[in-house]
Amino acid sequence: MSVNPDIQVERDTATFRSIDVTHMLDGSPEATNQRRIRQKQIGDDPQINRRNIIFMSHEERYEAAIARGLRIEQLKAEHDWDIMDENNAIMWCFSDIAMFVHKVMFIPAIERLGNKEQHDKWLPLAIDHKILGTYAQTELGHGTFLRGLEMEARYDKSTEEFVISTPKHSSMKWWPGSLGHSSSHAVLLATLYIDDQNCGMQPFIVQLRDLNTWKPLPGVEVGGIGPKMALATTDNGFLVLNNVRIPRDQMLMKYAQVSKDGKFTKSGAAKANYSTMMLVRVGIAHSCYFSLAVGATIVTRYSAVRRQGEIKPGAPEVKILDYQTQQLKVIPSIATAYAFHFCKEHLKWYYIETFQQIQQNDFSGLPEIHCVTSGLKAYMSDIATAQLETLRRACGGNGYLLSNGITNTYIQTLALPTVEGENTVLYLQVARYLMKCLKVAATGEAVKGSLSYMNEKIKTPYTSGLVTREDYSNVKKLLKLYQNMTVRLTQKAGDHLNKLHVSGQPKYEAWNNTSVQLVNAAKAYCQTYVLGMNIEGLSTQAVDLPGDALEVIHQLCVFYALHGITEQSGNFLETGCINITELHIIQQEAQEMMAKIRKNAVALVDAFDIPDNLLNSTLGCYDGNAYQHLYDSAKSDPMNQKQVLPAFEKYIKPMLQGKHTSKL
Ligand SMILES: CCCCCCCCCC/C=C\CCCC(=O)SCCNC(=O)CCNC(=O)[C@H](O)C(C)(C)COP(=O)(O)OP(=O)(O)OC[C@H]1O[C@@H](n2cnc3c(N)ncnc32)[C@H](O)[C@@H]1OP(=O)(O)O
Ligand SMILES: Cc1cc2nc3c(=O)[nH]c(=O)nc-3n(C[C@H](O)[C@H](O)[C@H](O)COP(=O)(O)OP(=O)(O)OC[C@H]3O[C@@H](n4cnc5c(N)ncnc54)[C@H](O)[C@@H]3O)c2cc1C
């Protein structure tokens with residue numbers, strides 16, 4: 001099929017070469033080649049390809065997802081993939097892989113929470129798929145408030161075993177992925193009791209099913225929790241345990257130990273047992289970038305080939321991408337996807353560095369990285385889901401089809417604001433950190449890390465620093481506005497908290513009564529962080545780009561900053577970081593920048609380099625022949641393979657013949 005001329009002209013008139021930017025996104029031309037080889041291995045594989053997924057039943061999808069998971073294992077062995085290749089493969093399959101919790105949580109939990117002997121025993125079994133596991137933490141009654149977990153593990157000194165039980169309905173495990181039908185084992189988080197003393201939430205390895213028959217073991221009641229909005233292949237489950245006994249060495253003992261005679265000791269930081277969640281929060285940030293890149297690719301290409309209506313009366317119908325309002329739906333998502341790229345790259349290295357310190361029992365970096373990973377997981381998933389919905393609607397009626405590729409991406413991404421810590425709760429974790437830093441800054445001590453700008457901002461009187469017109473496209477000046485805004489919102493929340501406390505409210509009550517402001521400040525901190533990482537990316541990752549490409553990536557960053565101010569203008573005005581005249585100029589500049597970026601919109605999404613067989617979209621194919629692909633997809637619907645469906649004989653015909661009765 002030839003390329004649609006409407007999309008070709010976009011590529012021909014772009015001011016830079018997409019491939020240069022692709023190399024930047026991958027890290028180097030060699031890395032691009034390597035990724036393409038991996039993506040081809042996946043995308044061309046008939047067992048992995050998700051082409052017909054939208055026509056499958058729940059059970060067919062589950063089975064295909066198991067096969068896909070297995071096939072990924074084979075490809076990994078055949079082509080010698082490393083862990084990054086494997087994680088990317090999972091992401092490129094949009095998590096349509098049963099058992100992915102085994103890889104992204106069960107194994108990492110053993111690695112992080114187990115001691116050397118436990119690693120030696122369990123990791124080979126898990127890595128070789130001799131056992132399959134889940135991460136079972138959430139209960140029917142508690143998902144957020146981990147100190148409230150009710151599943152009990154009571155130590156029995158006489159037999160040197162833990163006895164695990166579900167004392168009531170609310171204490172059954174509820175939600176763990178792959179628990180329903182696909183796990184033989186669980187890393188199970190339960191509250192440990194020794195002689196009735198509560199020793200907090202601890203991790204245990206518990207076998208759930210017989211490895212030969214797959215039947216639940218005695219005392220184990222397990223099953224699926226029912227159909228969900230999406231992620232049909234991750235069979236989320238429930239689990240009831242009736243006095244199930246496990247040996248003492250099946251408590252994962254890296255950070256807390258129980259001796260044979262029942263002595264409880266701890267080593268490391270109090271929250272070290274939460275470290276698996278931190279890893280997945282980093283993975284979620286990465287997956288938000290990818291989902292947005294997918295959405296932006298599909299909708300930008302579709303908007304460049306769909307023509308409808310006219311701008312100039314009587315002139316030929318225009319590409320919908322030429323409507324300014326359509327640009328406002330599409331361009332922010334392109335700019336955000338690039339900002340998220342820089343941010344997730346930074347986050348990856350920051351996490352690896354801090355994790356290495358933690359491995360060496362240096363926990364000093366834990367509070368800051370907990371703040372950053374919690375905040376970015378929340379912020380990036382909030383933004384990604386909101387923008388994906390905007391993008392989906394920007395496809396008009398075809399945005400409601402499953403074959404468009406964006407709907408599935410969107411509903412899968414919708415899980416991310418909830419999983420791994422509900423977003424509001426995570427913003428409140430960020431707010432705790434903000435309040436601590438505010439206190440430090442107020443005493444004149446230096447705040448370190450991501451909030452070090454507080455030191456300067458807390459003292460200096462505020463001016464926007466926007467004097468000349470050029471200042472409005474100076475990303476460093478724009479970043480200062482964001483930092484000012486964050487510090488001011490933090491101070492405002494802090495002042496409110498203190499005021500309520502001084503007026504007699506206990507601290508916890510004052511906190512709850514300030515939590516809307518606290519969350520607002522936390523979001524501002526996250527937005528500022530992402531912009532900061534985008535700017536850093538310009539001078540690190542983007543610096544070697546040819547000038548024309550660098551200019552476009554720079555424009556995107558300026559637009560990201562300006563557009564963010566227009567979206568949050570209330571915060572910027574209320575805190576006095578800009579005045580109304582400055583806001584008007586910012587709005588104007590943002591629109592002008594958007595028009596410039598529009599010219600390169602298709603080339604910018606091409607640079608994400610997502611192959612058609614992974615994009616899996618009728619609307620967003622590289623060749624731009626959306627209408628042909630829509631028609632082909634409709635024709636391949638199994639319901640269209642018969643001219644007359646059984647429902648005709650059964651119901652419609654009797655109705656037409658007036659034979660339907662109330663018995664029908
Ligand atoms: C990898 C590639 C693949 C990519 C694919 C990715 C896609 C992934 C899709 C994933 C899909 C499904 C997986 C989903 C799996 C799950 O959902 S597992 C369950 C996750 N559950 C949660 O996240 C629970 C959320 N709750 C919490 O984290 C905590 O309970 C909460 C932080 C809310 C509070 O904890 P408490 O124990 O009550 O602690 P506090 O008293 O509030 O705080 C005490 C201090 O501890 C600090 N803290 C808390 N957590 C951490 C941490 N993780 N690390 C470091 N520090 C932490 C907290 O800030 C307090 O500090 P302070 O006292 O202020 O100094
Ligand atoms: C698709 C999916 C996959 C999952 N996979 C797993 C898994 O593999 N393993 C696992 O263990 N769990 C899993 N979960 C569970 C998930 O981690 C929890 O649902 C999540 O942590 C939220 O907890 P919750 O359901 O208790 O929400 P709740 O805490 O009940 O949240 C409900 C509302 O209460 C608010 N709220 C709660 N506490 C506070 C507070 N302190 N301050 C202010 N507001 C508050 C929230 O903001 C929210 O608006 C999964 C969930 C989903 C949807």
# chains A, B, ... in the order shown; residues from 1 in each chain; ligands from 1
>>> residues_near_ligand(ligand="ligand 1", cutoff="7 Å", atoms="only C-alpha atoms and all ligand atoms", output="MDAnalysis selection string")
chainID A and resid 87:88 90:91 95 101 104 135 137:138 143:147 176:177 271:272 274:275 277:278 280 283:284 286:287 366:367 370 416 419:422 425:426 429 432:433
>>> residues_around(residues="Met435 in chain A", least_positions_apart="2", cutoff="9 Å", atoms="only C-alpha atoms", output="list of chain:residue names")
A:Val430, A:Ala431, A:Arg432, A:Tyr433, A:Cys437, A:Leu438, A:Lys439, A:Val440, A:Thr490, A:Gln491, A:Ala493, A:Gly494, A:Leu518
>>> select_by_dssp(residues="range 169-278 of chain A", states="alpha helix (DSSP H)", output="JSON, numbers by chain")
{"A": [275, 276, 277, 278]}
>>> residues_around(residues="range 308-321 of chain A", least_positions_apart="3", cutoff="10 Å", atoms="only C-alpha atoms", output="list in words")
Asp6, Val299, Thr300, Arg301, Tyr302, Ser303, Ala304, Val305, Gln324, Thr325, Gln326, Gln327, Leu328, Lys329, Val330, Ile331, Ala394, Cys395, Arg598, Lys599 and Ala601 of chain A
>>> closest_residue(among="A:Glu139, A:Glu456, A:Asp210, A:Glu150", to="ligand 2", atoms="only C-alpha atoms and all ligand atoms")
A:Glu139
>>> residues_around(residues="Thr407 in chain A", least_positions_apart="3", cutoff="10 Å", atoms="only C-alpha atoms", output="list in words")
Gly295, Leu388, Glu389, Leu391, Arg392, Arg393, Asn398, Gly399, Tyr400, Leu401, Leu402, Ser403, Asn404, Tyr410, Ile411, Gln412, Thr413 and Ser617 of chain A
>>> write_last_selection(atoms="C-alpha atoms", output="short mmCIF file (atom, residue, chain, number, x, y, z; two decimals), in the first residue's frame")
data_model
loop_
_atom_site.label_atom_id
_atom_site.label_comp_id
_atom_site.auth_asym_id
_atom_site.auth_seq_id
_atom_site.Cartn_x
_atom_site.Cartn_y
_atom_site.Cartn_z
CA GLY A 295 -1.21 7.81 22.06
CA LEU A 388 -4.77 9.92 26.69
CA GLU A 389 -8.45 10.61 27.22
CA LEU A 391 -6.25 12.24 22.61
CA ARG A 392 -8.85 9.48 22.37
CA ARG A 393 -11.63 12.03 22.05
CA ASN A 398 -13.23 6.43 15.77
CA GLY A 399 -11.81 7.24 19.17
CA TYR A 400 -14.45 4.92 20.59
CA LEU A 401 -13.30 1.89 18.60
CA LEU A 402 -11.00 -0.71 20.08
CA SER A 403 -9.15 -1.14 16.80
CA ASN A 404 -7.78 2.41 17.09
CA TYR A 410 -5.84 4.32 27.70
CA ILE A 411 -7.85 1.84 29.75
CA GLN A 412 -4.72 -0.08 30.69
CA THR A 413 -3.03 3.13 31.75
CA SER A 617 -3.58 0.72 15.51
#
>>> residues_around(residues="Arg245 in chain A", least_positions_apart="4", cutoff="8 Å", atoms="only C-alpha atoms", output="count of residues only")
4
>>> select_by_dssp(residues="range 115-340 of chain A", states="strand (DSSP E)", output="ChimeraX atom specification")
/A:133-136,152-156,161-165,173-174,185-194,197-207,220-224,237-241,244-247,256-258,264-266
>>> write_last_selection(atoms="C-alpha atoms", output="PDB file, in the first residue's frame")
ATOM      1  CA  GLY A 133       4.675 -16.091  41.915  1.00  0.00           C
ATOM      2  CA  THR A 134       2.636 -13.057  42.801  1.00  0.00           C
ATOM      3  CA  TYR A 135       3.071 -10.125  45.178  1.00  0.00           C
ATOM      4  CA  ALA A 136       0.213 -10.400  47.643  1.00  0.00           C
ATOM      5  CA  GLU A 152      -1.659 -12.706  60.473  1.00  0.00           C
ATOM      6  CA  ALA A 153       1.567 -14.669  60.589  1.00  0.00           C
ATOM      7  CA  ARG A 154       1.985 -16.021  64.132  1.00  0.00           C
ATOM      8  CA  TYR A 155       5.286 -17.604  65.067  1.00  0.00           C
ATOM      9  CA  ASP A 156       5.070 -21.049  66.677  1.00  0.00           C
ATOM     10  CA  GLU A 161       6.896 -22.322  61.823  1.00  0.00           C
ATOM     11  CA  PHE A 162       4.706 -19.372  61.002  1.00  0.00           C
ATOM     12  CA  VAL A 163       0.982 -19.992  61.046  1.00  0.00           C
ATOM     13  CA  ILE A 164      -0.758 -17.772  58.538  1.00  0.00           C
ATOM     14  CA  SER A 165      -4.437 -17.033  58.726  1.00  0.00           C
ATOM     15  CA  LYS A 173      -5.818 -10.834  50.006  1.00  0.00           C
ATOM     16  CA  TRP A 174      -7.692  -9.024  47.264  1.00  0.00           C
ATOM     17  CA  HIS A 185       3.634 -19.144  45.207  1.00  0.00           C
ATOM     18  CA  ALA A 186       3.259 -15.693  46.689  1.00  0.00           C
ATOM     19  CA  VAL A 187       5.469 -13.199  48.382  1.00  0.00           C
ATOM     20  CA  LEU A 188       2.825 -12.474  50.943  1.00  0.00           C
ATOM     21  CA  LEU A 189       2.883  -9.450  53.216  1.00  0.00           C
ATOM     22  CA  ALA A 190       1.302 -10.120  56.587  1.00  0.00           C
ATOM     23  CA  THR A 191       1.459  -8.698  60.081  1.00  0.00           C
ATOM     24  CA  LEU A 192       3.878 -10.721  62.159  1.00  0.00           C
ATOM     25  CA  TYR A 193       2.973 -11.620  65.729  1.00  0.00           C
ATOM     26  CA  ILE A 194       5.388 -13.199  68.168  1.00  0.00           C
ATOM     27  CA  GLN A 197       3.421  -8.839  70.030  1.00  0.00           C
ATOM     28  CA  ASN A 198       2.812  -6.998  66.731  1.00  0.00           C
ATOM     29  CA  CYS A 199       6.128  -6.872  64.820  1.00  0.00           C
ATOM     30  CA  GLY A 200       4.742  -5.047  61.782  1.00  0.00           C
ATOM     31  CA  MET A 201       4.269  -5.995  58.163  1.00  0.00           C
ATOM     32  CA  GLN A 202       6.735  -8.676  57.037  1.00  0.00           C
ATOM     33  CA  PRO A 203       7.195 -10.633  53.771  1.00  0.00           C
ATOM     34  CA  PHE A 204       6.746 -14.423  53.591  1.00  0.00           C
ATOM     35  CA  ILE A 205       7.034 -16.939  50.770  1.00  0.00           C
ATOM     36  CA  VAL A 206       3.951 -19.113  50.742  1.00  0.00           C
ATOM     37  CA  GLN A 207       3.175 -21.966  48.384  1.00  0.00           C
ATOM     38  CA  VAL A 220      -5.650 -22.338  50.740  1.00  0.00           C
ATOM     39  CA  GLU A 221      -8.713 -20.837  49.089  1.00  0.00           C
ATOM     40  CA  VAL A 222      -7.869 -18.893  45.961  1.00  0.00           C
ATOM     41  CA  GLY A 223      -9.625 -17.516  42.860  1.00  0.00           C
ATOM     42  CA  GLY A 224     -10.116 -14.533  40.570  1.00  0.00           C
ATOM     43  CA  GLY A 237      -7.209 -12.723  42.711  1.00  0.00           C
ATOM     44  CA  PHE A 238      -8.383 -13.281  46.267  1.00  0.00           C
ATOM     45  CA  LEU A 239      -6.734 -15.487  48.844  1.00  0.00           C
ATOM     46  CA  VAL A 240      -7.943 -16.915  52.132  1.00  0.00           C
ATOM     47  CA  LEU A 241      -5.482 -18.878  54.281  1.00  0.00           C
ATOM     48  CA  VAL A 244      -1.337 -22.496  56.729  1.00  0.00           C
ATOM     49  CA  ARG A 245       2.044 -23.411  58.200  1.00  0.00           C
ATOM     50  CA  ILE A 246       5.343 -22.422  56.614  1.00  0.00           C
ATOM     51  CA  PRO A 247       8.879 -23.004  57.920  1.00  0.00           C
ATOM     52  CA  ALA A 256      14.018  -8.234  59.848  1.00  0.00           C
ATOM     53  CA  GLN A 257      14.773 -11.608  61.400  1.00  0.00           C
ATOM     54  CA  VAL A 258      13.052 -14.075  63.685  1.00  0.00           C
ATOM     55  CA  PHE A 264      12.662 -10.470  66.577  1.00  0.00           C
ATOM     56  CA  THR A 265      15.445  -8.220  65.304  1.00  0.00           C
ATOM     57  CA  LYS A 266      15.587  -5.555  62.621  1.00  0.00           C
TER      58      LYS A 266
END
>>> closest_residue(among="A:His496, A:Arg248, A:His102, A:Arg51", to="ligand 2", atoms="only C-alpha atoms and all ligand atoms")
A:His102
>>> residues_around(residues="range 585-594 of chain A", least_positions_apart="4", cutoff="10 Å", atoms="only C-alpha atoms", output="JSON, numbers by chain")
{"A": [324, 327, 328, 330, 331, 332, 335, 469, 472, 473, 555, 556, 558, 559, 560, 561, 562, 563, 564, 565, 566, 567, 569, 578, 580, 581, 598, 599, 601]}
>>> atom_distance(atom1="CA of Ile107 in chain A", atom2="CA of Arg209 in chain A")
17.8 Å
>>> residues_around(residues="range 497-501 of chain A", least_positions_apart="2", cutoff="10 Å", atoms="only C-alpha atoms", output="PyMOL selection string")
chain A and resi 435+491-495+503-515+517-518
>>> write_last_selection(atoms="N, CA and C atoms", output="PDB file, in the first residue's frame")
ATOM      1  N   MET A 435       7.088  19.486  53.763  1.00  0.00           N
ATOM      2  CA  MET A 435       6.974  20.161  55.062  1.00  0.00           C
ATOM      3  C   MET A 435       8.273  20.056  55.855  1.00  0.00           C
ATOM      4  N   GLN A 491       4.849  26.993  51.306  1.00  0.00           N
ATOM      5  CA  GLN A 491       4.787  27.889  52.469  1.00  0.00           C
ATOM      6  C   GLN A 491       3.346  28.141  52.889  1.00  0.00           C
ATOM      7  N   LYS A 492       2.495  28.323  51.887  1.00  0.00           N
ATOM      8  CA  LYS A 492       1.075  28.582  52.194  1.00  0.00           C
ATOM      9  C   LYS A 492       0.470  27.409  52.957  1.00  0.00           C
ATOM     10  N   ALA A 493       0.766  26.201  52.454  1.00  0.00           N
ATOM     11  CA  ALA A 493       0.239  25.012  53.125  1.00  0.00           C
ATOM     12  C   ALA A 493       0.828  24.910  54.532  1.00  0.00           C
ATOM     13  N   GLY A 494       2.130  25.206  54.632  1.00  0.00           N
ATOM     14  CA  GLY A 494       2.797  25.151  55.946  1.00  0.00           C
ATOM     15  C   GLY A 494       2.187  26.158  56.904  1.00  0.00           C
ATOM     16  N   ASP A 495       1.931  27.370  56.408  1.00  0.00           N
ATOM     17  CA  ASP A 495       1.337  28.413  57.265  1.00  0.00           C
ATOM     18  C   ASP A 495      -0.048  27.987  57.744  1.00  0.00           C
ATOM     19  N   SER A 503      -4.137  27.283  66.659  1.00  0.00           N
ATOM     20  CA  SER A 503      -5.509  27.581  67.110  1.00  0.00           C
ATOM     21  C   SER A 503      -6.106  26.412  67.903  1.00  0.00           C
ATOM     22  N   GLY A 504      -5.320  25.379  68.124  1.00  0.00           N
ATOM     23  CA  GLY A 504      -5.784  24.318  69.030  1.00  0.00           C
ATOM     24  C   GLY A 504      -6.046  22.974  68.385  1.00  0.00           C
ATOM     25  N   GLN A 505      -5.933  22.883  67.070  1.00  0.00           N
ATOM     26  CA  GLN A 505      -6.178  21.565  66.459  1.00  0.00           C
ATOM     27  C   GLN A 505      -4.965  20.665  66.666  1.00  0.00           C
ATOM     28  N   PRO A 506      -5.177  19.413  67.025  1.00  0.00           N
ATOM     29  CA  PRO A 506      -4.025  18.505  67.092  1.00  0.00           C
ATOM     30  C   PRO A 506      -3.379  18.414  65.711  1.00  0.00           C
ATOM     31  N   LYS A 507      -2.088  18.043  65.682  1.00  0.00           N
ATOM     32  CA  LYS A 507      -1.341  18.054  64.413  1.00  0.00           C
ATOM     33  C   LYS A 507      -2.024  17.214  63.338  1.00  0.00           C
ATOM     34  N   TYR A 508      -2.487  16.018  63.744  1.00  0.00           N
ATOM     35  CA  TYR A 508      -3.074  15.117  62.733  1.00  0.00           C
ATOM     36  C   TYR A 508      -4.341  15.716  62.126  1.00  0.00           C
ATOM     37  N   GLU A 509      -5.097  16.472  62.979  1.00  0.00           N
ATOM     38  CA  GLU A 509      -6.336  17.063  62.472  1.00  0.00           C
ATOM     39  C   GLU A 509      -6.015  18.234  61.544  1.00  0.00           C
ATOM     40  N   ALA A 510      -5.022  19.016  61.964  1.00  0.00           N
ATOM     41  CA  ALA A 510      -4.586  20.154  61.134  1.00  0.00           C
ATOM     42  C   ALA A 510      -4.097  19.630  59.785  1.00  0.00           C
ATOM     43  N   TRP A 511      -3.410  18.490  59.813  1.00  0.00           N
ATOM     44  CA  TRP A 511      -2.892  17.900  58.562  1.00  0.00           C
ATOM     45  C   TRP A 511      -4.056  17.564  57.628  1.00  0.00           C
ATOM     46  N   ASN A 512      -5.047  16.880  58.177  1.00  0.00           N
ATOM     47  CA  ASN A 512      -6.200  16.505  57.335  1.00  0.00           C
ATOM     48  C   ASN A 512      -6.905  17.752  56.809  1.00  0.00           C
ATOM     49  N   ASN A 513      -7.004  18.765  57.642  1.00  0.00           N
ATOM     50  CA  ASN A 513      -7.699  19.984  57.225  1.00  0.00           C
ATOM     51  C   ASN A 513      -6.857  20.876  56.312  1.00  0.00           C
ATOM     52  N   THR A 514      -5.638  20.451  56.057  1.00  0.00           N
ATOM     53  CA  THR A 514      -4.778  21.203  55.120  1.00  0.00           C
ATOM     54  C   THR A 514      -4.472  20.351  53.896  1.00  0.00           C
ATOM     55  N   SER A 515      -5.038  19.145  53.847  1.00  0.00           N
ATOM     56  CA  SER A 515      -4.523  18.184  52.853  1.00  0.00           C
ATOM     57  C   SER A 515      -4.796  18.591  51.407  1.00  0.00           C
ATOM     58  N   GLN A 517      -4.540  21.636  50.230  1.00  0.00           N
ATOM     59  CA  GLN A 517      -3.406  22.522  49.910  1.00  0.00           C
ATOM     60  C   GLN A 517      -2.098  21.755  49.811  1.00  0.00           C
ATOM     61  N   LEU A 518      -1.972  20.766  50.672  1.00  0.00           N
ATOM     62  CA  LEU A 518      -0.726  19.979  50.649  1.00  0.00           C
ATOM     63  C   LEU A 518      -0.582  19.225  49.329  1.00  0.00           C
TER      64      LEU A 518
END
>>> closest_residue(among="A:Thr424, A:Asn243, A:Ser170, A:Asn115", to="ligand 2", atoms="only C-alpha atoms and all ligand atoms")
A:Thr424
>>> closest_residue(among="A:Asn4, A:Thr166, A:Asn49, A:Thr390", to="Pro611 in chain A", atoms="only C-alpha atoms")
A:Asn49
>>> atom_distance(atom1="atom 3 (C, counted along the ligand's line) of ligand 2", atom2="CA of Ile358 in chain A")
26.9 Å
